[in-house]
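Chemist: Just passing along the structure, written as structure tokens.
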Amino acid sequence: MKNIATFADHAMRDPQAYRDTAEEAAEASLQAVSLVIRKLFMLLHGSYGSLFTSKFSTGQMAGKHDKGAISAMKVWDAKLSRFPATVVEQAASRLAAEHADFPPNLPQFEQMCDAVMPRQTYAQQQGLPALPAPVVAQPVKVSLQERNDGKDWARRIVARMEGGDTSISMYSGKSARMALGLEVKV
């Protein structure tokens, strides 16, 4: 209690020092807000003017800055911190199209960020490791020479197809390739 009284006495004797202290505190509060949010507020103020800033103004000044605006920046910073900076910037670039007349409030801007946020799979959300990319199987090499094993008919058809014979029906060609293991039944 004594410290408050001493501070008040000091502020009454030297009001400029009190203003300097308040200005330094306001600047420190603003520096605590991320650069992305400060840029966002600058963009919103530049785009919508007093329509945006009047939402937060309280008339109580902390140095050169309104306490309500500083408080709003802190709240927006806390709520939007779950989004990467690129997502916030992409959402900000959509403002003119989605909110041409009035500035968005925080929940509306959060919805815009959610819409821009890249989607994650269930495995990514759970932190599961990604599976390696599948290895492309090389085509099976089959000798087309007759072997007297009951599949010579298929070898003859495949040899004719590879030779450019177009008179072979699609069904016959597929059956021959399946018999030789060149194609699987789906």
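Residue numbers start at 1 in each chain; chains themselves are named A, B, ... in the order of the structure tokens; ligands are numbered from 1 in the order shown.
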Show me, as a ChimeraX atom specification, the residues that have an atom within 12 Å of Met42 in chain A when counting only C-alpha atoms, minus same-chain residues fewer than 4 positions from it.
Modeler: /A:35-38,46-50,52-53,69,73,92
Chemist: Restricting the calculation to only C-alpha atoms: of A:Ala85, A:Leu144, A:Ala133, A:Leu182, which residue gets closest to Val116 in chain A?
Modeler: A:Ala85
Chemist: DSSP on the backbone: what in range 121-169 of chain A comes out alpha helix (DSSP H), as number ranges by chain?
Modeler: A: 122-126, 152-162
Chemist: I need the residues from that last selection saved to file as a compact mmCIF listing (two decimals), in the first residue's frame (with all heavy atoms), if you can.
Modeler:
# COMPACT_ATOMS: atom_id res chain seq x y z
N TYR A 122 -5.85 -38.15 -40.10
CA TYR A 122 -5.97 -38.67 -38.75
C TYR A 122 -4.59 -39.01 -38.19
O TYR A 122 -4.29 -38.70 -37.03
CB TYR A 122 -6.86 -39.91 -38.74
CG TYR A 122 -6.96 -40.56 -37.39
CD1 TYR A 122 -7.78 -40.04 -36.40
CD2 TYR A 122 -6.21 -41.70 -37.08
CE1 TYR A 122 -7.86 -40.62 -35.15
CE2 TYR A 122 -6.29 -42.29 -35.83
CZ TYR A 122 -7.11 -41.75 -34.87
OH TYR A 122 -7.18 -42.32 -33.64
N ALA A 123 -3.75 -39.62 -39.01
CA ALA A 123 -2.41 -40.00 -38.56
C ALA A 123 -1.60 -38.77 -38.17
O ALA A 123 -0.87 -38.78 -37.17
CB ALA A 123 -1.69 -40.78 -39.66
N GLN A 124 -1.70 -37.68 -38.94
CA GLN A 124 -0.97 -36.46 -38.61
C GLN A 124 -1.49 -35.86 -37.31
O GLN A 124 -0.71 -35.38 -36.49
CB GLN A 124 -1.11 -35.43 -39.75
CG GLN A 124 -0.35 -35.81 -40.99
CD GLN A 124 -0.69 -34.93 -42.17
OE1 GLN A 124 -1.80 -34.44 -42.28
NE2 GLN A 124 0.28 -34.72 -43.04
N GLN A 125 -2.80 -35.87 -37.12
CA GLN A 125 -3.38 -35.32 -35.89
C GLN A 125 -2.93 -36.11 -34.67
O GLN A 125 -2.73 -35.54 -33.60
CB GLN A 125 -4.91 -35.35 -35.96
CG GLN A 125 -5.49 -34.37 -36.94
CD GLN A 125 -6.99 -34.54 -37.10
OE1 GLN A 125 -7.57 -35.53 -36.65
NE2 GLN A 125 -7.63 -33.59 -37.75
N GLN A 126 -2.76 -37.42 -34.82
CA GLN A 126 -2.36 -38.28 -33.71
C GLN A 126 -0.85 -38.36 -33.55
O GLN A 126 -0.36 -39.00 -32.63
CB GLN A 126 -2.95 -39.68 -33.88
CG GLN A 126 -4.46 -39.72 -33.96
CD GLN A 126 -5.13 -39.09 -32.75
OE1 GLN A 126 -4.71 -39.32 -31.62
NE2 GLN A 126 -6.13 -38.28 -32.98
N ASP A 152 0.64 -72.29 -73.16
CA ASP A 152 1.19 -71.88 -74.46
C ASP A 152 0.18 -71.05 -75.25
O ASP A 152 0.56 -70.15 -75.99
CB ASP A 152 1.63 -73.11 -75.27
CG ASP A 152 2.89 -73.74 -74.69
OD1 ASP A 152 3.62 -73.02 -73.97
OD2 ASP A 152 3.12 -74.93 -74.95
N TRP A 153 -1.11 -71.36 -75.10
CA TRP A 153 -2.15 -70.58 -75.78
C TRP A 153 -2.06 -69.10 -75.39
O TRP A 153 -2.19 -68.21 -76.22
CB TRP A 153 -3.55 -71.12 -75.47
CG TRP A 153 -3.93 -71.00 -74.00
CD1 TRP A 153 -3.68 -71.90 -73.01
CD2 TRP A 153 -4.57 -69.87 -73.38
NE1 TRP A 153 -4.14 -71.43 -71.80
CE2 TRP A 153 -4.70 -70.17 -72.00
CE3 TRP A 153 -5.06 -68.67 -73.84
CZ2 TRP A 153 -5.28 -69.31 -71.09
CZ3 TRP A 153 -5.65 -67.81 -72.93
CH2 TRP A 153 -5.76 -68.13 -71.56
N ALA A 154 -1.79 -68.84 -74.08
CA ALA A 154 -1.70 -67.47 -73.60
C ALA A 154 -0.45 -66.79 -74.14
O ALA A 154 -0.47 -65.62 -74.52
CB ALA A 154 -1.72 -67.45 -72.08
N ARG A 155 0.65 -67.54 -74.20
CA ARG A 155 1.90 -66.99 -74.73
C ARG A 155 1.72 -66.58 -76.20
O ARG A 155 2.24 -65.56 -76.62
CB ARG A 155 3.03 -68.00 -74.57
CG ARG A 155 3.47 -68.17 -73.13
CD ARG A 155 4.70 -69.08 -73.04
NE ARG A 155 5.02 -69.33 -71.65
CZ ARG A 155 4.53 -70.32 -70.93
NH1 ARG A 155 3.70 -71.19 -71.47
NH2 ARG A 155 4.87 -70.47 -69.66
N ARG A 156 1.01 -67.41 -76.97
CA ARG A 156 0.79 -67.08 -78.39
C ARG A 156 -0.04 -65.81 -78.53
O ARG A 156 0.25 -64.96 -79.35
CB ARG A 156 0.11 -68.25 -79.10
CG ARG A 156 1.05 -69.41 -79.39
CD ARG A 156 0.43 -70.44 -80.34
NE ARG A 156 -0.74 -71.12 -79.77
CZ ARG A 156 -0.68 -72.21 -78.99
NH1 ARG A 156 0.48 -72.76 -78.72
NH2 ARG A 156 -1.77 -72.76 -78.52
N ILE A 157 -1.07 -65.67 -77.69
CA ILE A 157 -1.93 -64.47 -77.76
C ILE A 157 -1.14 -63.22 -77.38
O ILE A 157 -1.20 -62.20 -78.06
CB ILE A 157 -3.18 -64.64 -76.87
CG1 ILE A 157 -4.10 -65.71 -77.47
CG2 ILE A 157 -3.93 -63.32 -76.72
CD1 ILE A 157 -5.28 -66.06 -76.60
N VAL A 158 -0.37 -63.30 -76.29
CA VAL A 158 0.43 -62.15 -75.85
C VAL A 158 1.47 -61.79 -76.89
O VAL A 158 1.70 -60.61 -77.18
CB VAL A 158 1.06 -62.42 -74.46
CG1 VAL A 158 2.06 -61.35 -74.10
CG2 VAL A 158 -0.02 -62.53 -73.40
N ALA A 159 2.10 -62.79 -77.51
CA ALA A 159 3.10 -62.53 -78.56
C ALA A 159 2.44 -61.82 -79.74
O ALA A 159 3.02 -60.89 -80.31
CB ALA A 159 3.74 -63.84 -79.00
N ARG A 160 1.23 -62.24 -80.11
CA ARG A 160 0.52 -61.59 -81.21
C ARG A 160 0.18 -60.14 -80.84
O ARG A 160 0.31 -59.23 -81.67
CB ARG A 160 -0.76 -62.35 -81.54
CG ARG A 160 -0.50 -63.64 -82.33
CD ARG A 160 -1.74 -64.46 -82.59
NE ARG A 160 -2.84 -63.69 -83.16
CZ ARG A 160 -4.12 -64.07 -83.08
NH1 ARG A 160 -4.45 -65.19 -82.48
NH2 ARG A 160 -5.06 -63.33 -83.61
N MET A 161 -0.25 -59.92 -79.58
CA MET A 161 -0.59 -58.55 -79.15
C MET A 161 0.65 -57.65 -79.18
O MET A 161 0.58 -56.50 -79.63
CB MET A 161 -1.17 -58.57 -77.73
CG MET A 161 -2.59 -59.12 -77.67
SD MET A 161 -3.25 -59.34 -75.99
CE MET A 161 -2.77 -57.91 -75.13
N GLU A 162 1.78 -58.18 -78.69
CA GLU A 162 3.01 -57.39 -78.71
C GLU A 162 3.51 -57.16 -80.13
O GLU A 162 4.21 -56.19 -80.38
CB GLU A 162 4.09 -58.07 -77.85
CG GLU A 162 3.79 -57.98 -76.37
CD GLU A 162 4.86 -58.64 -75.51
OE1 GLU A 162 5.83 -59.21 -76.07
OE2 GLU A 162 4.71 -58.59 -74.28
Chemist: Just the residues within 12 Å of Lys55 in chain A, please, counting only C-alpha atoms, with nothing from its chain fewer than 3 positions along; format it as JSON, numbers by chain.
Modeler: {"A": [44, 45, 48, 49, 50, 51, 52, 58, 59, 66, 68, 69, 71, 72, 73, 102, 103, 104, 105, 106]}
